[in-house]
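This is data.txt. It holds compact mmCIF, C-alpha atoms.
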```
# COMPACT_ATOMS: atom_id res chain seq x y z
CA MET W 121 -1.26 -2.03 -21.79
CA ASP W 122 -2.16 -0.54 -18.40
CA HIS W 123 -1.40 -3.89 -16.77
CA ILE W 124 2.10 -3.86 -18.26
CA ARG W 125 2.63 -0.23 -17.22
CA ARG W 126 1.65 -1.07 -13.64
CA ASN W 127 4.00 -4.07 -13.60
CA VAL W 128 6.84 -2.01 -15.02
CA ALA W 129 6.20 0.77 -12.49
CA ALA W 130 6.25 -1.76 -9.64
CA LEU W 131 9.50 -3.27 -10.90
CA ILE W 132 11.04 0.19 -11.21
CA GLU W 133 10.24 0.85 -7.55
CA GLU W 134 11.62 -2.55 -6.57
CA CYS W 135 14.80 -1.84 -8.51
CA LYS W 136 15.23 1.59 -6.92
CA ASN W 137 14.93 0.06 -3.46
CA GLU W 138 17.31 -2.83 -4.15
CA SER W 139 20.82 -2.41 -2.74
CA GLU W 140 22.54 -5.32 -4.51
CA ILE W 141 23.75 -4.27 -7.97
CA ASP W 142 23.45 -7.76 -9.50
CA ARG W 143 19.78 -7.91 -8.50
CA LYS W 144 19.23 -4.35 -9.81
CA ILE W 145 20.66 -5.37 -13.18
CA GLU W 146 18.47 -8.47 -13.23
CA ILE W 147 15.37 -6.34 -12.57
CA LEU W 148 16.43 -3.84 -15.25
CA TYR W 149 16.68 -6.61 -17.83
CA SER W 150 13.21 -7.83 -16.80
CA ILE W 151 11.77 -4.34 -17.16
CA ASN W 152 13.42 -3.84 -20.53
CA SER W 153 12.06 -7.14 -21.85
CA MET W 154 8.51 -6.06 -20.95
CA LEU W 155 8.74 -2.92 -23.09
CA PRO W 156 7.75 -2.88 -26.76
CA LYS W 157 10.78 -3.49 -29.03
CA SER W 158 10.68 0.12 -30.21
CA GLN W 159 11.05 1.41 -26.64
CA GLN W 160 13.61 -1.05 -25.32
CA LEU W 161 16.94 0.33 -24.22
CA LYS W 162 20.20 -0.90 -25.66
CA ILE W 163 21.86 -1.97 -22.43
CA PRO W 164 25.68 -1.95 -22.51
CA SER W 165 27.71 -4.96 -21.43
CA LEU W 166 29.31 -3.05 -18.55
CA ILE W 167 26.59 -1.74 -16.26
CA THR W 168 27.14 0.55 -13.28
CA ASN W 169 24.74 1.61 -10.56
CA ASP W 170 24.61 5.07 -12.16
CA TYR W 171 23.62 3.53 -15.49
CA VAL W 172 20.81 1.56 -13.82
CA ASN W 173 19.45 4.77 -12.28
CA LEU W 174 19.67 6.60 -15.62
CA ALA W 175 17.96 3.71 -17.42
CA LEU W 176 15.14 3.64 -14.86
CA TYR W 177 14.66 7.38 -15.31
CA ARG W 178 14.46 7.01 -19.10
CA ILE W 179 11.96 4.17 -18.81
CA GLU W 180 9.80 6.21 -16.41
CA GLU W 181 9.83 9.09 -18.91
CA LYS W 182 8.65 6.75 -21.67
CA LEU W 183 5.84 5.46 -19.46
CA LEU W 184 4.65 8.97 -18.71
CA VAL W 185 4.63 9.97 -22.37
CA ALA W 186 2.92 6.80 -23.60
```

Any chance you could give the structure as structure tokens?
Amino acid sequence: MDHIRRNVAALIEECKNESEIDRKIEILYSINSMLPKSQQLKIPSLITNDYVNLALYRIEEKLLVA
């Protein structure tokens, strides 16, 4: 599980540093797919940059608690 947590953390940083929204969304979907089903986010069909940032924050919180 630590390996997955490290990969997710690295992808979160990559996503935060990405300027192109399409790439950010792609990374977010990758991160979400790595999470256990019970912790996956329900991502809406219309995604904004603000939503991506909020989603990353929520995922980071889950990683810290787990």

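Between CA of Asn152 (chain W) and CA of Tyr177 (chain W) lies a distance of 12.4 Å.
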
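Proximity of W:Arg126, W:Ser158, W:Glu181, W:Leu131 to Glu146 (chain W), computed with all atoms listed in the file, is greatest for W:Leu131.
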
So how many Å separate CA of Leu148 (chain W) and CA of Val172 (chain W), to one decimal? 7.1 Å

Spatial neighbours of Ser150 (chain W), 12 Å, all atoms listed in the file, chain gap at least 3 places, as a ChimeraX atom specification: /W:124,127-132,134-135,143-147,153-155,160-161,163,176

One decimal, Å: what's the distance from CA of Lys182 (chain W) over to CA of Lys162 (chain W), could you say?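 CA of Lys162 (chain W) lies 14.4 Å from CA of Lys182 (chain W).
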